[in-house]
Structure formats: C-alpha cells, structure tokens
Amino acid sequence: MPEFSIAALPEVFVSDKSIYKSVYAAVDRGQLRKLGSRLYTRNLQDDPERLVRRNWYGLIASYYPDALIADRTALENKPAEDGSVFLISSKKRETKLPGLTFRPRLGPGPIDSDRPFSGVRLASTPRAYLENLRESRARGGRLPRTMPRDEIEQRLDAMIRRQGEVAVNRLRDDARAIAPQLGYEAEAADLSELIGSLLGTREGDLVSATGKARHAGQPFDPDRIALFETLFNMLRDTLVERLPVPARSGEANATLAFFEAYFSNFIEGTEFTVEEAAEIVFDGVIPQERPADAHDVLGTFRIVSDLAHLKVLPTDFGGFMELLRRRHATVMEAREDKAPGVFKERENRAGNTVFVAPELVEGTLERGFDFLQALDDPFQRAVYMMVLVSEVHPFADGNGRIARIMMNAELVASDQERIIIPTAYRTDYLGALKAFSQNGRTDPLIRMLEVAQSYTHRIDWSTMDSARADLAATNAFDDGSDAKLKLL
C-alpha cells in the first residue's frame with residue numbers, strides 16, 4: 001500500500017479499510033474534516049453542501065460500485081434541485097450526504113451503449129430518454145425519478161434547434177435499437193410518436209408551449225423569450241423622467257436625423273467623415289468607391305428624417321412585421337446580397353453571442369411582440385423594441401440600425417426625445433447589450449439608454465454647426481476602446 005498522503009487525496013473522498021486509521025488520526029490533528037458517513041474532506045473552509053455537490057460524480061463508485069447513472073440524472077448530468085442523484089444498482093439503500101442523496105433502484109444493468117464514467121457507468125442518451133418516458137411519482141415531497149413530459153419536449157425541441165432534424169431522427173433510431181435489450185419497447189414507441197409530433201409528421205398530444213408551437217409550424221427560441229420576460233418585468237418597474245421633444249425647426253429636425261443616421265452607421269463600421277456623410281445626405285453625392293456604404297447612410301436618414309412615417313406604430317404583429325421588413329429594405333436597398341427586407345437564411349452571431357436561428361425568427365418575434373403590447377410608457381417600449389429586434393437579429397445584416405430605428409420610432413410617436421448613440425458611447429452600448437444577452441443583466445442596458453436619451457436632449461440641434469460644436473465638445477466623435485463621452 002502506498003504511503004498515506006493527505007495532499008494526494010481527492011478534495012472529498014470516502015474512507016475505506018486501507019486508510020481509515022490514518023484518516024481518523026488526520027481528523028484529530030485538524031488536517032481532515034468529516035462530512036458524512038465515511039465521507040471526509042481536506043478542505044477545511046468551504047460549506048459541506050457545496051463541497052459534496054461539486055464532487056458528486058466522484059463519490060458514486062465508493063458507495064455503489066456497480067452503479068449506472070440513470071433516469072433524470074442521466075439527462076441533466078447533475079443532481080436534481082432537491083439533491084437527488086438517481087442510480088440503478090443492486091444495492092437498494094439510499095445514502096444521504098450534505099446537500100445530496102443517492103437514490104438507487106433495481107433495473108436493467110448497463111448495456112454496451114452505456115459509457116464508463118468516473119468509476120461507474122452513465123446511461124446513453126437514447127436510454128436516458130426512454131427511462132424518462134416511464135412513469136414515476138414524487139413521494140414525500142421529493143422530485144420524481146423522471147422528468148415531466150413538458151421538460152422532455154423542451155429538450156427535444158432544443159436538440160432540433162441546435163442540431164437539426166437529423167439529430168432527433170438518429171436518437172429515435174438508436175432508442176429503437178436498444179429498447180428490446182431493456183424491455184422498453186413501449187417507451188421507444190412513445191418517443192417515436194413524440195418526435196414525430198414535434199416534427200409535424202404525426203398528430204400526438206404535446207403539452208409544452210415550445211412543443212405546440214413547433215408542431216404548429218411556428219417554433220420559437222425559449223431562451224430568448226425568457227430574456228424578454230426578464231426585461232419586460234424590469235421595465236414595468238422602471239419609470240424614468242420623460243423628455244418631451246422641444247420645439248424644433250425643420251433644419252433642427254434634419255440635423256438631428258443626420259447625426260442619428262451618421263452615428264448609427266458608424267457603430268456598424270460604415271465610417272465616413274461628417275463632411276462626406278453630409279454630402280451624401282444633403283447633396284446626393286455617392287462616392288464611386290463606396291456606393292453601398294453611402295446608400296446605407298442615405299437609407300437610414302430617409303427613414304429617421306420622416307417624422308410622419310416614424311409616428312406610425314404597429315398595432316398588431318402583422319403590422320410590426322411589415323414595418324420591420326419595409327424599413328430594412330430601405331436601409332439595405334443597395335445591398336442585394338443581404339436580401340433587403342427578407343429574413344435571414346443562415347445563423348448569425350456577434351462574438352460569443354449566437355442569435356436566434358432562422359427557422360425560429362418569426363415565432364420568437366411574435367411571442368416577444370406580445371410583451372411589447374403590454375407596455376405603455378414610451379421609454380419602456382423603446383428599450384424593449386430595440387432589444388427585441390437586436391436579440392432576434394432577424395436579417396443577414398443591418399440589424400443594429402433597424403433595432404435603433406424601431407426604438408426611436410416608439411419615442412417619436414409619443415413626442416419624446418430620441419436616443420442617439422455617439423461613437424464615443426459605442427463601447428458602453430455594445431457592452432450593455434452583451435451583458436443582457438449573455439447574463440440577463442437589465443440594469444446596465446436601461447441605464448445606458450436613459451443616459452443616451454438625456455445626452456441627446458441636451459445637444460443644440462438648431463444647425464449643423466451648433467450640433468457639431470456640442471458633439472465635439474463632449475468627445476462624441478472619439479473612436480477607440482478608451483473613448484469617453486462627456487455628459488452635458
């Protein structure tokens with residue numbers, strides 16, 4: 001037997017006859033700590049439940065050497081919310097540890113498709129789905145061994161979204177192949193019916209909202225809908241100071257619209273000097289070397305300078321879709337390769353953020369639009385509208401510009417000040433969007449847009465010269481990671 005070494009032990013371990021005397025002595029010296037039945041740790045500070053939870057899979061073999069990780073644990077790959085870990089083993093007695101309970105049952109042992117995992121075996125994905133389609137009951141306030149039907153549907157829907165129909169068809173075929181070895185033929189038939197219903201080839205009953213939507217041909221992205229609901233709830237509790245639009249001349253409105261179009265395109269990498277952009281917008285000069293970029297700026301200006309058009313808000317989802325497509329077609333008119341006014345056919349992303357899959361665009365927009373209809377404050381609606389379009393990213397290109405156009409239309413329609421994102425505020429803007437997309441953080445997003453609206457309200461838009469002077473004095477044109485907007 002190798003020499004006993006505390007440093008060589010796992011963070012959490014189960015003692016046995018070969019080391020128990022050394023373990024007892026180490027506990028007496030304060031070098032080890034007892035956590036439960038035969039369970040010890042060399043970590044003397046962390047909470048016992050956290051220690052056990054993060055080491056759960058390494059403990060199974062010590063208590064159940066013949067175990068197969070099964071039922072809902074085999075699909076979730078983690079302990080259930082109540083700490084249950086479900087196993088198949090010849091040993092039927094449960095083991096309770098801090099924050100964790102191993103819950104074994106009798107059942108078919110491992111087969112060839114079940115893989116080795118940390119000293120035991122892990123049920124294959126097809127087997128896990130079959131087992132979770134078996135009925136089980138919650139007893140004593142504890143979670144049942146198997147997942148609810150709606151959660152299974154949601155998992156299958158997620159598989160279709162991420163991997164396509166090929167993946168679920170392979171799952172169905174693999175499950176059929178192993179079902180006779182396990183005695184799960186009925187469950188295999190149930191799984192086949194469920195997958196067929198999700199794909200629209202069968203008429204089986206579905207219970208989840210995602211499943212029903214997919215069967216109806218209008219699937220949506222449930223993760224995005226959860227984000228939209230989070231933002232909706234926060235916006236309902238957010239009331240910022242209203243900033244009515246002051247009386248402005250035609251020249252002032254044109255100046256404001258010009259800089260809105262200028263900065264909105266600059267954010268997206270369509271960069272011109274102010275002089276070049278002014279020639280494009282006001283003089284109709286289209287530079288031969290960059291005609292498409294020039295049309296992007298001009299198309300954006302045409303929309304944001306048309307107050308009558310901006311004051312038309314969608315009253316239903318059909319109207320929303322029509323406005324969205326028409327405005328995109330105007331902005332991207334010169335870019336036929338980007339399919340102006342047509343929803344994307346390929347997945348798009350920005351950094352680590354993957355936007356809504358093409359086949360889920362309409363369904364996600366429709367469900368997201370329902371939240372918008374329940375908001376009445378102009379600022380709330382503007383923020384939500386921008387996020388809805390930005391998060392779905394329905395087009396191959398031009399999504400940021402369209403999102404900001406749709407946002408400001410909500411404000412213009414209620415005679416509230418617009419929100420302009422100067423170049424120097426781009427990092428704050430994109431960072432807030434990223435924090436929301438990846439972590440669901442709403443405060444930075446709302447605060448950032450509130451600051452931008454207040455900033456816009458303080459600029460003198462009377463003439464190009466006065467506006468440019470204010471913008472320059474606040475570093476609005478500064479580019480780069482260290483750019484910092486001065487707030488008036």
# chains A, B, ... in the order shown; residues from 1 in each chain; ligands from 1
>>> residues_around(residues="Asn399 of chain A", least_positions_apart="4", cutoff="12 Å", atoms="only C-alpha atoms", output="short mmCIF file (atom, residue, chain, number, x, y, z; two decimals) with N, CA and C atoms, in the first residue's frame")
data_model
loop_
_atom_site.label_atom_id
_atom_site.label_comp_id
_atom_site.auth_asym_id
_atom_site.auth_seq_id
_atom_site.Cartn_x
_atom_site.Cartn_y
_atom_site.Cartn_z
N SER A 264 -25.41 55.91 -36.14
CA SER A 264 -25.94 54.54 -36.20
C SER A 264 -25.16 53.70 -37.19
N ASN A 265 -24.74 54.30 -38.29
CA ASN A 265 -23.94 53.56 -39.27
C ASN A 265 -22.50 53.42 -38.82
N ILE A 267 -21.42 53.00 -35.85
CA ILE A 267 -21.38 51.88 -34.90
C ILE A 267 -21.18 50.56 -35.62
N GLU A 268 -21.79 50.44 -36.79
CA GLU A 268 -21.75 49.19 -37.54
C GLU A 268 -20.55 49.09 -38.48
N LEU A 324 -41.06 46.35 -40.05
CA LEU A 324 -39.69 45.86 -39.88
C LEU A 324 -39.06 45.57 -41.24
N ARG A 325 -39.78 44.85 -42.07
CA ARG A 325 -39.25 44.48 -43.38
C ARG A 325 -39.09 45.71 -44.29
N ARG A 327 -38.67 48.89 -43.48
CA ARG A 327 -37.56 49.76 -43.06
C ARG A 327 -36.21 49.12 -43.37
N HIS A 328 -36.10 47.83 -43.20
CA HIS A 328 -34.85 47.16 -43.54
C HIS A 328 -34.58 47.26 -45.04
N ALA A 329 -35.60 47.09 -45.84
CA ALA A 329 -35.44 47.18 -47.29
C ALA A 329 -34.95 48.56 -47.71
N VAL A 331 -33.13 50.75 -45.80
CA VAL A 331 -31.75 50.94 -45.36
C VAL A 331 -30.78 50.14 -46.23
N MET A 332 -31.12 48.91 -46.55
CA MET A 332 -30.20 48.00 -47.23
C MET A 332 -30.48 47.90 -48.73
N LYS A 338 -27.51 41.08 -49.34
CA LYS A 338 -28.00 40.97 -47.97
C LYS A 338 -29.51 40.79 -47.89
N PRO A 340 -32.44 42.60 -48.86
CA PRO A 340 -33.19 43.67 -48.18
C PRO A 340 -34.65 43.29 -47.92
N GLY A 341 -35.06 43.44 -46.68
CA GLY A 341 -36.44 43.17 -46.31
C GLY A 341 -36.80 41.71 -46.16
N VAL A 342 -35.82 40.82 -46.29
CA VAL A 342 -36.07 39.37 -46.20
C VAL A 342 -35.33 38.81 -44.99
N PHE A 343 -36.01 37.98 -44.22
CA PHE A 343 -35.38 37.41 -43.04
C PHE A 343 -34.24 36.47 -43.43
N LYS A 344 -33.30 36.34 -42.53
CA LYS A 344 -32.07 35.59 -42.78
C LYS A 344 -32.34 34.11 -43.05
N ASN A 348 -26.60 33.85 -37.55
CA ASN A 348 -25.62 34.93 -37.41
C ASN A 348 -25.23 35.08 -35.94
N ARG A 349 -24.09 35.70 -35.72
CA ARG A 349 -23.57 35.85 -34.36
C ARG A 349 -22.73 37.10 -34.27
N ALA A 350 -22.47 37.53 -33.00
CA ALA A 350 -21.55 38.63 -32.72
C ALA A 350 -20.69 38.18 -31.55
N PHE A 355 -27.30 34.44 -32.27
CA PHE A 355 -28.66 34.96 -32.32
C PHE A 355 -29.66 33.87 -32.72
N MET A 386 -36.02 47.91 -29.11
CA MET A 386 -34.64 47.80 -29.57
C MET A 386 -34.06 46.43 -29.22
N VAL A 387 -34.30 45.97 -28.01
CA VAL A 387 -33.75 44.69 -27.57
C VAL A 387 -34.40 43.54 -28.33
N LEU A 388 -35.69 43.61 -28.55
CA LEU A 388 -36.39 42.55 -29.29
C LEU A 388 -35.75 42.33 -30.65
N VAL A 389 -35.57 43.40 -31.40
CA VAL A 389 -35.00 43.27 -32.75
C VAL A 389 -33.53 42.88 -32.69
N SER A 390 -32.80 43.49 -31.76
CA SER A 390 -31.37 43.22 -31.66
C SER A 390 -31.11 41.78 -31.25
N GLU A 391 -31.87 41.25 -30.30
CA GLU A 391 -31.64 39.89 -29.81
C GLU A 391 -32.04 38.83 -30.84
N VAL A 392 -33.10 39.08 -31.57
CA VAL A 392 -33.51 38.11 -32.60
C VAL A 392 -32.57 38.19 -33.79
N HIS A 393 -32.14 39.42 -34.15
CA HIS A 393 -31.25 39.63 -35.31
C HIS A 393 -31.87 38.95 -36.54
N PRO A 394 -33.04 39.42 -36.97
CA PRO A 394 -33.80 38.68 -37.99
C PRO A 394 -33.21 38.73 -39.40
N PHE A 395 -32.32 39.69 -39.67
CA PHE A 395 -31.81 39.84 -41.03
C PHE A 395 -30.34 39.42 -41.11
N ALA A 403 -32.82 48.01 -35.38
CA ALA A 403 -33.23 47.98 -33.96
C ALA A 403 -33.31 49.40 -33.41
N ARG A 404 -32.33 50.24 -33.75
CA ARG A 404 -32.34 51.61 -33.23
C ARG A 404 -33.42 52.46 -33.91
N ILE A 405 -33.68 52.19 -35.18
CA ILE A 405 -34.78 52.89 -35.86
C ILE A 405 -36.11 52.55 -35.19
N MET A 406 -36.34 51.28 -34.95
CA MET A 406 -37.59 50.85 -34.31
C MET A 406 -37.70 51.43 -32.90
#
>>> select_by_dssp(residues="segment 111-153 of chain A", states="strand (DSSP E or B)", output="PDB file with N, CA and C atoms, in the first residue's frame")
ATOM      1  N   ARG A 115     -21.830   4.250 -21.250  1.00  0.00           N
ATOM      2  CA  ARG A 115     -20.400   4.518 -21.237  1.00  0.00           C
ATOM      3  C   ARG A 115     -19.826   4.569 -19.825  1.00  0.00           C
ATOM      4  N   PRO A 116     -18.532   4.189 -19.673  1.00  0.00           N
ATOM      5  CA  PRO A 116     -17.854   4.338 -18.381  1.00  0.00           C
ATOM      6  C   PRO A 116     -17.791   5.813 -17.982  1.00  0.00           C
ATOM      7  N   PHE A 117     -17.963   6.082 -16.679  1.00  0.00           N
ATOM      8  CA  PHE A 117     -17.934   7.460 -16.197  1.00  0.00           C
ATOM      9  C   PHE A 117     -17.526   7.488 -14.741  1.00  0.00           C
ATOM     10  N   VAL A 120     -18.034   4.365 -12.623  1.00  0.00           N
ATOM     11  CA  VAL A 120     -19.319   3.674 -12.770  1.00  0.00           C
ATOM     12  C   VAL A 120     -19.706   3.730 -14.250  1.00  0.00           C
ATOM     13  N   ARG A 121     -21.005   3.652 -14.562  1.00  0.00           N
ATOM     14  CA  ARG A 121     -21.463   3.756 -15.948  1.00  0.00           C
ATOM     15  C   ARG A 121     -22.539   4.837 -16.028  1.00  0.00           C
ATOM     16  N   LEU A 122     -22.614   5.468 -17.187  1.00  0.00           N
ATOM     17  CA  LEU A 122     -23.595   6.520 -17.444  1.00  0.00           C
ATOM     18  C   LEU A 122     -24.514   6.066 -18.572  1.00  0.00           C
TER      19      LEU A 122
END
>>> residues_around(residues="segment 99-101 of chain A", least_positions_apart="4", cutoff="8 Å", atoms="only C-alpha atoms", output="list in words")
Pro48, Glu49, Arg50, Val52, Arg53, Trp56, Pro79, Asp82, Gly83, Ser84, Val85, Glu94 and Thr95 of chain A
>>> closest_residue(among="A:Thr353, A:Asn408, A:Asn43, A:Ser15", to="Ser62 of chain A", atoms="only C-alpha atoms")
A:Ser15
>>> residues_around(residues="segment 216-228 of chain A", least_positions_apart="5", cutoff="9 Å", atoms="only C-alpha atoms", output="MDAnalysis selection string")
chainID A and resid 154 157:158 161 198:200 210:211 233 355:357 359:368 371 384 387:388 391:392 436:437 440
>>> select_by_dssp(residues="segment 12-191 of chain A", states="alpha helix (DSSP H)", output="JSON, numbers by chain")
{"A": [20, 21, 22, 23, 24, 25, 26, 27, 28, 48, 49, 50, 51, 52, 53, 54, 56, 57, 58, 59, 60, 61, 62, 63, 71, 72, 73, 74, 75, 76, 125, 126, 127, 128, 129, 130, 131, 132, 149, 150, 151, 152, 153, 154, 155, 156, 157, 158, 159, 160, 161, 162, 163, 165, 166, 167, 168, 169, 170, 171, 172, 173, 174, 175, 176, 177, 178, 179, 180, 181, 182, 185, 186, 187, 188, 189, 190, 191]}
>>> write_last_selection(atoms="C-alpha atoms", output="compact mmCIF listing (two decimals), in the first residue's frame")
# COMPACT_ATOMS: atom_id res chain seq x y z
CA TYR A 20 -9.36 4.60 7.98
CA LYS A 21 -6.78 4.67 10.81
CA SER A 22 -4.73 7.34 9.06
CA VAL A 23 -7.91 9.28 8.33
CA TYR A 24 -9.01 9.24 11.99
CA ALA A 25 -5.58 10.47 13.04
CA ALA A 26 -5.65 13.27 10.49
CA VAL A 27 -9.11 14.35 11.71
CA ASP A 28 -7.78 14.51 15.28
CA PRO A 48 -20.08 20.94 3.19
CA GLU A 49 -23.04 21.01 0.78
CA ARG A 50 -21.05 22.89 -1.84
CA LEU A 51 -18.12 20.52 -1.44
CA VAL A 52 -20.29 17.46 -1.92
CA ARG A 53 -22.25 18.96 -4.82
CA ARG A 54 -19.18 19.80 -6.85
CA TRP A 56 -20.87 14.28 -6.61
CA TYR A 57 -19.91 12.10 -9.56
CA GLY A 58 -16.60 11.09 -7.99
CA LEU A 59 -18.36 9.70 -4.90
CA ILE A 60 -20.81 7.31 -6.55
CA ALA A 61 -18.40 4.41 -7.07
CA SER A 62 -17.39 4.41 -3.39
CA TYR A 63 -20.98 3.82 -2.26
CA ASP A 71 -33.29 8.45 -15.05
CA ARG A 72 -33.33 12.27 -14.93
CA THR A 73 -29.73 12.47 -13.69
CA ALA A 74 -28.56 10.87 -16.95
CA LEU A 75 -30.20 13.69 -18.94
CA GLU A 76 -29.46 16.61 -16.63
CA THR A 125 -28.69 9.50 -24.25
CA PRO A 126 -31.20 7.21 -26.05
CA ARG A 127 -31.55 5.06 -22.93
CA ALA A 128 -31.94 8.17 -20.75
CA TYR A 129 -34.84 9.40 -22.89
CA LEU A 130 -36.52 6.01 -22.75
CA GLU A 131 -36.20 5.84 -18.97
CA ASN A 132 -37.54 9.35 -18.55
CA ARG A 149 -43.34 15.48 -20.10
CA ASP A 150 -43.07 19.18 -20.90
CA GLU A 151 -39.36 19.23 -19.97
CA ILE A 152 -38.68 16.27 -22.26
CA GLU A 153 -40.44 18.09 -25.10
CA GLN A 154 -38.38 21.20 -24.43
CA ARG A 155 -35.15 19.18 -24.52
CA LEU A 156 -36.08 17.59 -27.82
CA ASP A 157 -37.06 20.97 -29.22
CA ALA A 158 -33.66 22.33 -28.15
CA MET A 159 -31.97 19.41 -29.92
CA ILE A 160 -33.85 20.21 -33.11
CA ARG A 161 -32.92 23.90 -32.82
CA ARG A 162 -29.24 23.24 -32.25
CA GLN A 163 -28.58 20.14 -34.31
CA GLU A 165 -33.95 17.07 -37.52
CA VAL A 166 -31.13 14.63 -38.29
CA ALA A 167 -30.20 14.56 -34.59
CA VAL A 168 -33.65 13.64 -33.26
CA ASN A 169 -34.17 11.07 -36.02
CA ARG A 170 -30.90 9.42 -35.05
CA LEU A 171 -31.97 9.50 -31.39
CA ARG A 172 -35.23 7.77 -32.34
CA ASP A 173 -33.40 5.09 -34.35
CA ASP A 174 -30.84 4.43 -31.60
CA ALA A 175 -33.58 4.18 -28.99
CA ARG A 176 -35.48 1.64 -31.08
CA ALA A 177 -32.31 -0.43 -31.43
CA ILE A 178 -31.66 -0.75 -27.68
CA ALA A 179 -35.28 -0.93 -26.48
CA PRO A 180 -35.59 -4.77 -26.73
CA GLN A 181 -32.49 -5.29 -24.55
CA LEU A 182 -34.07 -3.18 -21.81
CA GLU A 185 -40.40 -1.16 -26.42
CA ALA A 186 -43.45 0.83 -25.27
CA GLU A 187 -41.26 3.78 -24.32
CA ALA A 188 -39.49 3.63 -27.70
CA ALA A 189 -42.87 3.85 -29.44
CA ASP A 190 -43.79 6.80 -27.22
CA LEU A 191 -40.52 8.57 -28.07
>>> atom_distance(atom1="atom CA of Asp47 of chain A", atom2="atom CA of Ile69 of chain A")
25.3 Å
>>> residues_around(residues="Arg468 of chain A", least_positions_apart="3", cutoff="10 Å", atoms="only C-alpha atoms", output="ChimeraX atom specification")
/A:255,259,274,459-461,463-465,471-474,476-477
>>> decode(residues="segment 180-206 of chain A", atoms="N, CA and C atoms", output="CSV table (one decimal), in the first residue's frame")
chain,number,residue,atom,x,y,z
A,180,PRO,N,-35.3,-3.4,-27.1
A,180,PRO,CA,-35.6,-4.8,-26.7
A,180,PRO,C,-34.7,-5.3,-25.6
A,181,GLN,N,-33.4,-4.8,-25.6
A,181,GLN,CA,-32.5,-5.3,-24.5
A,181,GLN,C,-32.9,-4.8,-23.2
A,182,LEU,N,-33.7,-3.8,-23.1
A,182,LEU,CA,-34.1,-3.2,-21.8
A,182,LEU,C,-35.5,-3.4,-21.4
A,183,GLY,N,-36.3,-3.9,-22.4
A,183,GLY,CA,-37.7,-4.1,-22.2
A,183,GLY,C,-38.5,-2.8,-22.2
A,184,TYR,N,-38.0,-1.9,-23.1
A,184,TYR,CA,-38.6,-0.5,-23.1
A,184,TYR,C,-39.2,-0.3,-24.5
A,185,GLU,N,-39.8,-1.3,-25.1
A,185,GLU,CA,-40.4,-1.2,-26.4
A,185,GLU,C,-41.5,-0.1,-26.4
A,186,ALA,N,-42.3,-0.1,-25.3
A,186,ALA,CA,-43.5,0.8,-25.3
A,186,ALA,C,-42.9,2.3,-25.2
A,187,GLU,N,-41.8,2.5,-24.4
A,187,GLU,CA,-41.3,3.8,-24.3
A,187,GLU,C,-40.6,4.2,-25.7
A,188,ALA,N,-40.1,3.3,-26.4
A,188,ALA,CA,-39.5,3.6,-27.7
A,188,ALA,C,-40.6,4.1,-28.7
A,189,ALA,N,-41.7,3.4,-28.6
A,189,ALA,CA,-42.9,3.9,-29.4
A,189,ALA,C,-43.4,5.2,-29.0
A,190,ASP,N,-43.4,5.5,-27.7
A,190,ASP,CA,-43.8,6.8,-27.2
A,190,ASP,C,-42.8,7.9,-27.7
A,191,LEU,N,-41.5,7.6,-27.6
A,191,LEU,CA,-40.5,8.6,-28.1
A,191,LEU,C,-40.7,8.9,-29.6
A,192,SER,N,-40.9,7.8,-30.3
A,192,SER,CA,-41.1,8.0,-31.8
A,192,SER,C,-42.3,8.9,-32.1
A,193,GLU,N,-43.4,8.6,-31.3
A,193,GLU,CA,-44.6,9.5,-31.5
A,193,GLU,C,-44.3,10.9,-31.1
A,194,LEU,N,-43.6,11.1,-30.1
A,194,LEU,CA,-43.3,12.5,-29.6
A,194,LEU,C,-42.4,13.2,-30.6
A,195,ILE,N,-41.4,12.6,-31.1
A,195,ILE,CA,-40.5,13.2,-32.1
A,195,ILE,C,-41.3,13.5,-33.3
A,196,GLY,N,-42.1,12.6,-33.8
A,196,GLY,CA,-42.9,12.8,-35.0
A,196,GLY,C,-43.9,14.0,-34.8
A,197,SER,N,-44.4,14.1,-33.6
A,197,SER,CA,-45.3,15.3,-33.4
A,197,SER,C,-44.6,16.6,-33.4
A,198,LEU,N,-43.4,16.6,-32.8
A,198,LEU,CA,-42.6,17.8,-32.9
A,198,LEU,C,-42.2,18.2,-34.3
A,199,LEU,N,-41.9,17.2,-35.1
A,199,LEU,CA,-41.5,17.5,-36.5
A,199,LEU,C,-42.7,17.7,-37.4
A,200,GLY,N,-43.9,17.6,-36.9
A,200,GLY,CA,-45.1,17.8,-37.6
A,200,GLY,C,-45.6,16.7,-38.5
A,201,THR,N,-45.0,15.5,-38.4
A,201,THR,CA,-45.4,14.3,-39.2
A,201,THR,C,-46.4,13.5,-38.5
A,202,ARG,N,-46.7,13.7,-37.3
A,202,ARG,CA,-47.7,13.0,-36.6
A,202,ARG,C,-48.6,13.9,-35.7
A,203,GLU,N,-49.7,13.4,-35.2
A,203,GLU,CA,-50.6,14.2,-34.5
A,203,GLU,C,-50.7,13.9,-33.0
A,204,GLY,N,-49.6,13.4,-32.4
A,204,GLY,CA,-49.7,13.1,-31.0
A,204,GLY,C,-49.9,14.4,-30.1
A,205,ASP,N,-50.3,14.2,-28.9
A,205,ASP,CA,-50.6,15.3,-28.0
A,205,ASP,C,-49.3,15.8,-27.5
A,206,LEU,N,-49.1,17.1,-27.5
A,206,LEU,CA,-48.0,17.8,-26.9
A,206,LEU,C,-48.5,18.7,-25.8
